[in-house]
$ cat run.cif   # mmCIF, C-alpha atoms
data_final
#
loop_
_atom_site.label_atom_id
_atom_site.label_comp_id
_atom_site.auth_asym_id
_atom_site.auth_seq_id
_atom_site.Cartn_x
_atom_site.Cartn_y
_atom_site.Cartn_z
CA MET A 21 -53.07 -41.58 48.51
CA ASN A 22 -52.25 -39.06 45.75
CA ASN A 23 -49.61 -39.57 43.09
CA ALA A 24 -46.95 -37.53 44.91
CA GLU A 25 -47.37 -39.55 48.11
CA TYR A 26 -47.21 -42.80 46.15
CA LEU A 27 -43.96 -41.82 44.42
CA LEU A 28 -42.45 -40.62 47.70
CA ARG A 29 -43.26 -43.94 49.38
CA ARG A 30 -42.08 -46.01 46.41
CA TYR A 31 -38.77 -44.20 46.16
CA HIS A 32 -38.23 -43.28 49.82
CA ASN A 33 -34.67 -44.73 49.87
CA ALA A 34 -33.76 -42.78 46.75
CA VAL A 35 -35.27 -39.60 48.20
CA ALA A 36 -33.33 -40.13 51.44
CA ALA A 37 -30.06 -40.61 49.51
CA VAL A 38 -30.60 -37.41 47.52
CA ILE A 39 -31.48 -35.42 50.65
CA LEU A 40 -28.37 -36.73 52.43
CA ALA A 41 -26.16 -35.92 49.45
CA LEU A 42 -27.53 -32.38 49.17
CA SER A 43 -27.19 -31.83 52.92
CA LEU A 44 -23.54 -32.87 52.96
CA ALA A 45 -22.84 -30.78 49.87
CA ALA A 46 -24.42 -27.73 51.51
CA TRP A 47 -22.80 -28.26 54.93
CA PRO A 48 -19.56 -30.25 54.43
CA GLY A 49 -18.54 -29.32 57.95
CA LEU A 50 -20.77 -32.16 59.11
CA LEU A 51 -17.98 -34.49 58.02
CA THR A 52 -15.22 -32.65 59.86
CA PRO A 53 -15.32 -34.89 62.98
CA ILE A 54 -14.72 -37.87 60.68
CA ALA A 55 -12.36 -36.19 58.23
CA GLN A 56 -9.92 -35.12 60.94
CA PRO A 57 -9.28 -38.66 62.29
CA TYR A 58 -9.05 -39.85 58.71
CA THR A 59 -6.33 -37.31 57.93
CA GLY A 60 -4.44 -38.37 61.06
CA PHE A 61 -4.73 -42.02 60.03
CA CYS A 62 -3.36 -41.21 56.58
CA ALA A 63 -0.42 -39.30 58.02
CA ARG A 64 0.44 -42.11 60.44
CA TYR A 65 -0.09 -45.23 58.34
CA LEU A 66 -0.21 -44.14 54.70
CA ALA A 67 2.51 -41.48 54.57
CA HIS A 68 4.65 -43.56 52.21
CA VAL A 69 1.84 -45.02 50.12
CA PRO A 70 1.40 -43.16 46.83
CA PHE A 71 -1.92 -41.50 46.09
CA PHE A 72 -3.90 -42.65 49.15
CA HIS A 73 -2.76 -40.06 51.68
CA HIS A 74 -3.20 -37.29 49.11
CA LEU A 75 -6.93 -37.84 48.66
CA PRO A 76 -9.22 -35.01 49.83
CA PRO A 77 -10.41 -36.06 53.31
CA TYR A 78 -14.03 -34.97 52.84
CA ALA A 79 -14.45 -36.93 49.62
CA ILE A 80 -12.70 -40.09 50.71
CA THR A 81 -14.47 -40.01 54.09
CA THR A 82 -17.82 -40.00 52.31
CA ILE A 83 -16.78 -43.05 50.30
CA LEU A 84 -15.39 -44.88 53.33
CA VAL A 85 -18.50 -44.17 55.42
CA GLY A 86 -20.69 -45.50 52.63
CA LEU A 87 -18.61 -48.66 52.24
CA ALA A 88 -18.54 -49.20 56.01
CA ALA A 89 -22.32 -48.84 56.21
CA MET A 90 -22.75 -51.36 53.39
CA ALA A 91 -20.35 -53.81 55.04
CA LEU A 92 -22.16 -53.58 58.40
CA THR A 93 -25.54 -54.02 56.71
CA ALA A 94 -24.29 -57.04 54.79
CA ALA A 95 -22.83 -58.59 57.96
CA TYR A 96 -26.13 -58.05 59.79
CA LEU A 97 -28.20 -59.60 57.00
CA VAL A 98 -25.89 -62.60 56.67
CA ALA A 99 -25.97 -63.17 60.44
CA ARG A 100 -29.76 -62.84 60.48
CA GLN A 101 -30.08 -65.30 57.62
CA ILE A 102 -27.80 -67.85 59.31
CA PHE A 103 -29.69 -67.48 62.60
CA GLY A 104 -33.03 -67.76 60.79
CA GLN A 105 -31.87 -70.89 58.97
CA GLN A 106 -30.79 -72.47 62.25
CA GLN A 107 -34.14 -71.66 63.80
CA LEU A 108 -35.90 -73.14 60.79
CA ALA A 109 -33.85 -76.34 61.00
CA HIS A 110 -34.52 -76.74 64.74
CA ARG A 111 -38.22 -76.04 64.33
CA ALA A 112 -38.49 -78.47 61.41
CA ALA A 113 -36.59 -81.15 63.35
CA ALA A 114 -38.91 -80.75 66.33
CA ARG A 115 -41.99 -81.06 64.14
CA ARG A 116 -40.64 -83.58 61.68
CA CYS A 117 -43.10 -86.19 60.46
CA PRO A 118 -41.43 -89.61 60.96
CA ASP A 119 -43.34 -91.35 58.16
CA GLY A 120 -43.69 -88.29 55.92
CA LEU A 121 -41.34 -89.54 53.21
CA GLU A 122 -43.42 -92.70 52.77
CA GLN A 123 -45.95 -90.58 50.85
CA LEU A 124 -43.28 -89.39 48.42
CA ALA A 125 -42.58 -92.35 46.17
CA MET A 126 -40.87 -90.12 43.58
CA VAL A 127 -38.17 -88.84 45.97
CA GLY A 128 -35.84 -91.67 44.97
CA ASP A 129 -36.22 -90.84 41.29
CA LEU A 130 -35.35 -87.20 41.97
CA GLU A 131 -32.28 -88.15 44.04
CA LEU A 132 -33.31 -85.86 46.86
CA GLY A 133 -32.92 -88.44 49.62
CA ARG A 134 -32.67 -86.93 53.08
CA ARG A 135 -32.69 -83.41 51.70
CA VAL A 136 -36.49 -83.44 51.88
CA VAL A 137 -37.99 -82.59 55.27
CA VAL A 138 -41.68 -83.24 55.92
CA THR A 139 -43.11 -81.47 58.95
CA GLN A 140 -46.29 -82.08 60.90
CA ASP A 141 -47.54 -78.53 60.32
CA ARG A 142 -51.13 -78.32 59.14
CA THR A 143 -50.37 -75.13 57.21
CA ALA A 144 -49.76 -75.88 53.54
CA TYR A 145 -46.31 -74.80 52.33
CA ALA A 146 -43.37 -75.94 50.23
CA PHE A 147 -40.05 -74.15 49.82
CA CYS A 148 -36.32 -74.68 49.40
CA ALA A 149 -34.04 -72.95 51.91
CA GLY A 150 -30.44 -73.11 53.08
CA LEU A 151 -27.34 -71.23 51.97
CA VAL A 152 -24.73 -74.00 52.19
CA SER A 153 -26.72 -77.24 52.35
CA PRO A 154 -30.22 -76.40 51.12
CA ARG A 155 -33.21 -78.58 51.89
CA VAL A 156 -36.76 -78.88 50.61
CA TYR A 157 -39.37 -78.32 53.32
CA LEU A 158 -42.87 -79.70 52.88
CA SER A 159 -45.72 -79.68 55.36
CA ALA A 160 -48.19 -82.44 56.11
CA GLY A 161 -50.88 -79.86 55.49
CA LEU A 162 -49.70 -79.45 51.92
CA LEU A 163 -49.51 -83.20 51.31
CA ALA A 164 -53.05 -83.55 52.62
CA ILE A 165 -54.56 -81.22 50.02
CA LEU A 166 -52.51 -82.21 46.96
CA THR A 167 -52.96 -85.18 44.70
CA PRO A 168 -49.98 -87.51 44.12
CA LEU A 169 -49.35 -85.93 40.71
CA GLU A 170 -49.50 -82.43 42.21
CA ILE A 171 -47.03 -83.51 44.90
CA GLU A 172 -44.69 -84.69 42.17
CA ALA A 173 -45.01 -81.33 40.41
CA VAL A 174 -44.12 -79.54 43.63
CA LEU A 175 -41.14 -81.80 44.27
CA ARG A 176 -39.81 -81.42 40.73
CA HIS A 177 -40.15 -77.65 41.02
CA GLU A 178 -38.28 -77.55 44.34
CA ALA A 179 -35.72 -80.12 43.15
CA ARG A 180 -34.65 -77.70 40.45
CA HIS A 181 -34.12 -74.98 43.07
CA LEU A 182 -32.16 -77.43 45.20
CA LYS A 183 -29.84 -78.73 42.48
CA HIS A 184 -29.00 -75.25 41.19
CA GLY A 185 -28.41 -73.70 44.62
CA ASP A 186 -31.14 -71.13 44.07
CA PRO A 187 -31.55 -70.20 47.78
CA LEU A 188 -27.96 -68.90 47.88
CA ARG A 189 -28.34 -67.10 44.56
CA LEU A 190 -31.58 -65.48 45.67
CA PHE A 191 -30.05 -64.48 49.01
CA VAL A 192 -27.17 -62.73 47.23
CA ALA A 193 -29.68 -61.00 44.95
CA ASP A 194 -31.77 -59.83 47.92
CA LEU A 195 -28.60 -58.66 49.67
CA VAL A 196 -27.65 -56.57 46.64
CA ARG A 197 -31.19 -55.19 46.59
CA VAL A 198 -30.88 -53.96 50.19
CA LEU A 199 -27.34 -52.57 49.80
CA PHE A 200 -28.30 -50.64 46.68
CA SER A 201 -31.86 -49.79 47.70
CA PRO A 202 -31.46 -46.10 46.72
CA PHE A 203 -31.17 -47.30 43.10
CA PRO A 204 -34.64 -48.57 42.05
CA ALA A 205 -33.42 -49.93 38.71
CA ILE A 206 -31.30 -52.53 40.52
CA SER A 207 -34.32 -53.72 42.47
CA THR A 208 -36.24 -54.05 39.20
CA LEU A 209 -33.46 -56.14 37.66
CA ILE A 210 -33.45 -58.42 40.72
CA ASP A 211 -37.22 -58.85 40.47
CA ARG A 212 -36.78 -59.93 36.86
CA ALA A 213 -34.02 -62.37 37.84
CA ARG A 214 -36.17 -63.89 40.60
CA ILE A 215 -39.02 -64.41 38.11
CA CYS A 216 -36.62 -66.12 35.70
CA VAL A 217 -35.48 -68.49 38.47
CA GLU A 218 -39.07 -69.45 39.30
CA LEU A 219 -40.00 -69.89 35.64
CA ALA A 220 -37.00 -72.17 35.14
CA ALA A 221 -38.16 -74.33 38.05
CA ASP A 222 -41.67 -74.43 36.55
CA ARG A 223 -40.27 -75.54 33.18
CA SER A 224 -38.35 -78.31 34.91
CA ALA A 225 -41.56 -79.59 36.52
CA LEU A 226 -43.52 -79.28 33.27
CA GLU A 227 -41.09 -81.63 31.51
CA VAL A 228 -42.85 -84.46 33.35
CA VAL A 229 -46.21 -83.25 34.67
CA PRO A 230 -49.03 -81.54 32.75
CA VAL A 231 -49.44 -77.79 33.04
CA ASP A 232 -52.87 -78.05 34.65
CA VAL A 233 -51.41 -80.14 37.49
CA LEU A 234 -48.81 -77.51 38.38
CA ALA A 235 -51.41 -74.76 38.05
CA SER A 236 -53.73 -76.63 40.43
CA ALA A 237 -50.92 -76.99 42.98
CA LEU A 238 -50.17 -73.24 42.74
CA VAL A 239 -53.83 -72.40 43.35
CA LYS A 240 -53.95 -74.59 46.45
CA VAL A 241 -50.72 -73.10 47.84
CA ALA A 242 -52.02 -69.58 47.15
CA ARG A 243 -54.94 -70.22 49.50
CA ALA A 244 -52.61 -71.26 52.32
CA ALA A 245 -50.89 -69.02 54.88
CA ASN A 246 -47.31 -67.85 54.56
CA SER A 247 -44.62 -70.43 55.15
CA PRO A 248 -42.31 -70.20 58.21
CA ALA A 249 -39.18 -69.56 56.15
CA PRO A 250 -36.27 -67.12 56.61
CA SER A 251 -36.93 -63.74 55.03
CA PHE A 252 -34.16 -64.02 52.45
CA GLY A 253 -32.74 -66.81 50.32
CA VAL A 254 -35.93 -68.85 49.92
CA ALA A 255 -37.18 -70.41 46.70
CA GLY A 256 -40.81 -71.18 47.37
CA LEU A 257 -43.81 -72.44 45.47
CA THR A 258 -45.59 -69.09 45.37
CA PRO A 259 -47.85 -67.98 42.53
CA THR A 260 -46.96 -64.74 40.77
CA GLU A 261 -48.54 -62.93 37.86
CA ALA A 262 -45.62 -63.86 35.61
CA ARG A 263 -45.88 -67.54 36.51
CA ILE A 264 -49.62 -67.57 35.90
CA ASP A 265 -49.09 -65.92 32.50
CA ALA A 266 -46.47 -68.54 31.61
CA LEU A 267 -48.74 -71.43 32.64
CA LEU A 268 -51.60 -69.97 30.61
CA GLY A 269 -49.37 -69.58 27.56
CA ARG A 270 -49.55 -65.80 27.63
CA PRO A 271 -46.51 -63.51 27.19
CA VAL A 272 -44.67 -63.13 30.48
CA ARG A 273 -44.66 -59.56 31.72
CA MET A 274 -41.43 -58.63 33.48
CA PRO A 275 -41.47 -55.67 35.89
CA PHE A 276 -40.09 -52.52 34.31
CA ASN A 277 -40.68 -48.86 34.96
CA TRP A 278 -38.83 -46.15 33.07
CA LEU A 279 -39.15 -43.95 36.13
CA ASP A 280 -36.86 -46.40 37.97
CA LEU A 281 -34.10 -45.59 35.48
CA VAL A 282 -34.68 -41.85 35.84
CA VAL A 283 -34.59 -41.99 39.66
CA THR A 284 -31.51 -44.24 39.60
CA GLY A 285 -29.73 -41.78 37.33
CA LEU A 286 -30.64 -38.83 39.56
CA VAL A 287 -29.39 -40.61 42.68
CA ALA A 288 -26.13 -41.55 40.95
CA LEU A 289 -25.63 -37.97 39.76
CA ALA A 290 -26.33 -36.64 43.26
CA ILE A 291 -23.75 -38.95 44.83
CA ILE A 292 -21.11 -38.30 42.17
CA GLY A 293 -21.74 -34.56 42.41
CA LEU A 294 -21.45 -34.73 46.19
CA ILE A 295 -18.06 -36.45 46.05
CA ALA A 296 -16.79 -34.03 43.40
CA HIS A 297 -17.98 -31.06 45.45
CA LEU A 298 -16.46 -32.32 48.70
CA ALA A 299 -13.14 -32.89 46.96
CA GLN A 300 -12.89 -29.11 46.48
CA ILE A 301 -13.73 -28.17 50.09
CA PRO A 302 -10.72 -27.18 52.22
CA LEU A 303 -10.43 -28.94 55.57
CA PRO A 304 -10.28 -26.40 58.42
CA MET A 305 -7.08 -27.83 59.88
CA ALA A 306 -3.37 -27.90 59.09
CA PRO A 307 -2.12 -30.96 57.20
CA VAL A 308 -0.60 -33.52 59.56
CA CYS A 309 1.43 -35.12 56.78
CA PRO A 310 4.44 -32.95 55.81
CA ALA A 311 4.37 -34.36 52.28
CA CYS A 312 0.75 -33.29 51.75
CA ALA A 313 -0.44 -29.94 50.53
CA PRO A 314 -3.18 -28.30 52.60
CA PHE A 315 -6.65 -29.55 51.69
#
$ encode --input "run.cif" --output "structure tokens"
Amino acid sequence: MNNAEYLLRRYHNAVAAVILALSLAAWPGLLTPIAQPYTGFCARYLAHVPFFHHLPPYAITTILVGLAAMALTAAYLVARQIFGQQQLAHRAAARRCPDGLEQLAMVGDLELGRRVVVTQDRTAYAFCAGLVSPRVYLSAGLLAILTPLEIEAVLRHEARHLKHGDPLRLFVADLVRVLFSPFPAISTLIDRARICVELAADRSALEVVPVDVLASALVKVARAANSPAPSFGVAGLTPTEARIDALLGRPVRMPFNWLDLVVTGLVALAIIGLIAHLAQIPLPMAPVCPACAPF
């Protein structure tokens, strides 16, 4: 893969947004089927509302279509997350290990109580999930390969996620990432925020357990398969380069690429320029509101 193909794949959402903006700026008539009903709606329901029914139909239609698309995407992602969480809860309940909590003597000290679910899965995983009432999910496979001190490190890490409602915070961050995917700089900021959340959970565990214990647990989890968690809103015990650097005492490298800022600026300019251009395009129809000048 050459450099041009790599950049195109990395910024495909930004490229798509720029192409769409340029296409609508070149052929604003593509919005006519939407602009006409919008003008009729303004004349019927907003005739006596200042400012709103005087907006250029092409420009405001572009804004409304964008907001509607974002709202539908957000509704879909929230519904998918809720459905995925329900599936996870049912699956965990069906495979719950009746005596699993007996191996976790430190649960009482952490005040987790029934918010820890131990499953009979042989795959090793540990994560915190749930938007409203989060829970910590551990597998019997993980407990089988960890020492008691490593299990405590895992629980203290996940307890921090649980007490601070990190699954909900991470879900909102991932939702923003999807809604603003044409802006790479936002995705970079969210990556940095996710790393900070994980590092905070690591620091909470390291207040009690030695660093080599947590590092050993991360290595063992890294060798396991992916956990059966919902795609968004999950705070899991997954090793990352930043976490490894922190455990080794090296400076933590946060993701940053100046090209992300350049691409984000270009996309923003393209969208702003599109709206400004469409505001000057006359609509090929007579105004339906007597108080409005022809657009």
$ atom_distance --input "run.cif" --atom1 "CA of Ile301 (chain A)" --atom2 "CA of Thr93 (chain A)"
29.2 Å
$ atom_distance --input "run.cif" --atom1 "CA of Ala91 (chain A)" --atom2 "CA of Leu209 (chain A)"
21.9 Å
$ closest_residue --input "run.cif" --among "A:Leu190, A:Ala114, A:Leu151, A:Val196" --to "Val138 (chain A)" --atoms "all atoms listed in the file"
A:Ala114
$ resolve_selection --input "run.cif" --expression "the PyMOL selection byres ((chain A and resi 282-299) around 6)" --output "count of residues only"
13
$ atom_distance --input "run.cif" --atom1 "CA of Gly161 (chain A)" --atom2 "CA of Cys216 (chain A)"
28.0 Å
$ closest_residue --input "run.cif" --among "A:Gly86, A:Pro154, A:Gly185, A:Pro77" --to "Gln56 (chain A)" --atoms "all atoms listed in the file"
A:Pro77
$ closest_residue --input "run.cif" --among "A:Ser224, A:Thr139, A:Ser153, A:Asn33" --to "Leu175 (chain A)" --atoms "only C-alpha atoms"
A:Ser224
$ resolve_selection --input "run.cif" --expression "the PyMOL selection byres ((chain A and resi 146) around 6)" --output "list in words"
Tyr145, Phe147, Tyr157, Leu158 and Leu257 of chain A
$ resolve_selection --input "run.cif" --expression "the PyMOL selection byres ((chain A and resi 156) around 12)" --output "PyMOL selection string"
chain A and resi 108-109+112+121+127+132-139+145-150+153-155+157-159+174-183+185-187+249+254-257
$ axis_aligned_box --input "run.cif" --around "region 102-105 of chain A" --padding-each-side "3 Å" --output "AutoDock Vina command-line options"
--center_x -30.4 --center_y -69.2 --center_z 60.8 --size_x 11.2 --size_y 9.4 --size_z 9.6
$ build_atoms --input "run.cif" --residues "region 155-190 of chain A" --atoms "N, CA and C atoms" --output "mmCIF file, keeping the file's coordinate frame"
data_model
loop_
_atom_site.group_PDB
_atom_site.id
_atom_site.type_symbol
_atom_site.label_atom_id
_atom_site.label_comp_id
_atom_site.auth_asym_id
_atom_site.auth_seq_id
_atom_site.Cartn_x
_atom_site.Cartn_y
_atom_site.Cartn_z
ATOM 1 N N ARG A 155 -32.261 -77.489 51.740
ATOM 2 C CA ARG A 155 -33.210 -78.580 51.890
ATOM 3 C C ARG A 155 -34.568 -78.144 51.378
ATOM 4 N N VAL A 156 -35.383 -79.127 51.019
ATOM 5 C CA VAL A 156 -36.760 -78.880 50.610
ATOM 6 C C VAL A 156 -37.651 -79.167 51.811
ATOM 7 N N TYR A 157 -38.473 -78.181 52.182
ATOM 8 C CA TYR A 157 -39.370 -78.320 53.320
ATOM 9 C C TYR A 157 -40.804 -78.418 52.815
ATOM 10 N N LEU A 158 -41.468 -79.486 53.205
ATOM 11 C CA LEU A 158 -42.870 -79.700 52.880
ATOM 12 C C LEU A 158 -43.641 -79.897 54.174
ATOM 13 N N SER A 159 -44.883 -79.487 54.179
ATOM 14 C CA SER A 159 -45.720 -79.680 55.360
ATOM 15 C C SER A 159 -46.735 -80.779 55.110
ATOM 16 N N ALA A 160 -47.137 -81.431 56.212
ATOM 17 C CA ALA A 160 -48.190 -82.440 56.110
ATOM 18 C C ALA A 160 -49.486 -81.818 55.619
ATOM 19 N N GLY A 161 -49.683 -80.544 55.966
ATOM 20 C CA GLY A 161 -50.880 -79.860 55.490
ATOM 21 C C GLY A 161 -50.920 -79.740 53.988
ATOM 22 N N LEU A 162 -49.751 -79.532 53.380
ATOM 23 C CA LEU A 162 -49.700 -79.450 51.920
ATOM 24 C C LEU A 162 -49.967 -80.822 51.295
ATOM 25 N N LEU A 163 -49.329 -81.857 51.848
ATOM 26 C CA LEU A 163 -49.510 -83.200 51.310
ATOM 27 C C LEU A 163 -50.961 -83.650 51.409
ATOM 28 N N ALA A 164 -51.665 -83.123 52.418
ATOM 29 C CA ALA A 164 -53.050 -83.550 52.620
ATOM 30 C C ALA A 164 -53.999 -82.987 51.575
ATOM 31 N N ILE A 165 -53.637 -81.856 50.962
ATOM 32 C CA ILE A 165 -54.560 -81.220 50.020
ATOM 33 C C ILE A 165 -54.157 -81.420 48.568
ATOM 34 N N LEU A 166 -52.980 -82.006 48.327
ATOM 35 C CA LEU A 166 -52.510 -82.210 46.960
ATOM 36 C C LEU A 166 -52.703 -83.668 46.535
ATOM 37 N N THR A 167 -52.921 -83.839 45.262
ATOM 38 C CA THR A 167 -52.960 -85.180 44.700
ATOM 39 C C THR A 167 -51.530 -85.686 44.509
ATOM 40 N N PRO A 168 -51.346 -86.999 44.332
ATOM 41 C CA PRO A 168 -49.980 -87.510 44.120
ATOM 42 C C PRO A 168 -49.268 -86.842 42.946
ATOM 43 N N LEU A 169 -49.988 -86.570 41.866
ATOM 44 C CA LEU A 169 -49.350 -85.930 40.710
ATOM 45 C C LEU A 169 -48.975 -84.480 41.031
ATOM 46 N N GLU A 170 -49.819 -83.801 41.804
ATOM 47 C CA GLU A 170 -49.500 -82.430 42.210
ATOM 48 C C GLU A 170 -48.295 -82.406 43.142
ATOM 49 N N ILE A 171 -48.199 -83.408 44.012
ATOM 50 C CA ILE A 171 -47.030 -83.510 44.900
ATOM 51 C C ILE A 171 -45.767 -83.690 44.074
ATOM 52 N N GLU A 172 -45.850 -84.505 43.037
ATOM 53 C CA GLU A 172 -44.690 -84.690 42.170
ATOM 54 C C GLU A 172 -44.306 -83.380 41.478
ATOM 55 N N ALA A 173 -45.296 -82.612 41.042
ATOM 56 C CA ALA A 173 -45.010 -81.330 40.410
ATOM 57 C C ALA A 173 -44.289 -80.393 41.370
ATOM 58 N N VAL A 174 -44.764 -80.376 42.619
ATOM 59 C CA VAL A 174 -44.120 -79.540 43.630
ATOM 60 C C VAL A 174 -42.690 -79.977 43.865
ATOM 61 N N LEU A 175 -42.481 -81.293 43.997
ATOM 62 C CA LEU A 175 -41.140 -81.800 44.270
ATOM 63 C C LEU A 175 -40.190 -81.530 43.098
ATOM 64 N N ARG A 176 -40.676 -81.672 41.891
ATOM 65 C CA ARG A 176 -39.810 -81.420 40.730
ATOM 66 C C ARG A 176 -39.471 -79.936 40.631
ATOM 67 N N HIS A 177 -40.416 -79.094 40.995
ATOM 68 C CA HIS A 177 -40.150 -77.650 41.020
ATOM 69 C C HIS A 177 -39.065 -77.333 42.051
ATOM 70 N N GLU A 178 -39.241 -77.847 43.277
ATOM 71 C CA GLU A 178 -38.280 -77.550 44.340
ATOM 72 C C GLU A 178 -36.946 -78.249 44.102
ATOM 73 N N ALA A 179 -36.971 -79.421 43.433
ATOM 74 C CA ALA A 179 -35.720 -80.120 43.150
ATOM 75 C C ALA A 179 -34.825 -79.289 42.233
ATOM 76 N N ARG A 180 -35.438 -78.556 41.326
ATOM 77 C CA ARG A 180 -34.650 -77.700 40.450
ATOM 78 C C ARG A 180 -33.974 -76.588 41.248
ATOM 79 N N HIS A 181 -34.712 -75.986 42.189
ATOM 80 C CA HIS A 181 -34.120 -74.980 43.070
ATOM 81 C C HIS A 181 -32.961 -75.578 43.864
ATOM 82 N N LEU A 182 -33.162 -76.792 44.364
ATOM 83 C CA LEU A 182 -32.160 -77.430 45.200
ATOM 84 C C LEU A 182 -30.880 -77.713 44.430
ATOM 85 N N LYS A 183 -31.006 -78.299 43.242
ATOM 86 C CA LYS A 183 -29.840 -78.730 42.480
ATOM 87 C C LYS A 183 -29.043 -77.552 41.934
ATOM 88 N N HIS A 184 -29.696 -76.418 41.736
ATOM 89 C CA HIS A 184 -29.000 -75.250 41.190
ATOM 90 C C HIS A 184 -28.597 -74.245 42.277
ATOM 91 N N GLY A 185 -28.810 -74.595 43.539
ATOM 92 C CA GLY A 185 -28.410 -73.700 44.620
ATOM 93 C C GLY A 185 -29.126 -72.365 44.586
ATOM 94 N N ASP A 186 -30.404 -72.381 44.206
ATOM 95 C CA ASP A 186 -31.140 -71.130 44.070
ATOM 96 C C ASP A 186 -31.290 -70.349 45.383
ATOM 97 N N PRO A 187 -31.442 -71.007 46.552
ATOM 98 C CA PRO A 187 -31.550 -70.200 47.780
ATOM 99 C C PRO A 187 -30.351 -69.269 47.987
ATOM 100 N N LEU A 188 -29.141 -69.753 47.731
ATOM 101 C CA LEU A 188 -27.960 -68.900 47.880
ATOM 102 C C LEU A 188 -27.964 -67.786 46.850
ATOM 103 N N ARG A 189 -28.308 -68.109 45.615
ATOM 104 C CA ARG A 189 -28.340 -67.100 44.560
ATOM 105 C C ARG A 189 -29.381 -66.019 44.866
ATOM 106 N N LEU A 190 -30.535 -66.445 45.349
ATOM 107 C CA LEU A 190 -31.580 -65.480 45.670
ATOM 108 C C LEU A 190 -31.208 -64.648 46.892
#
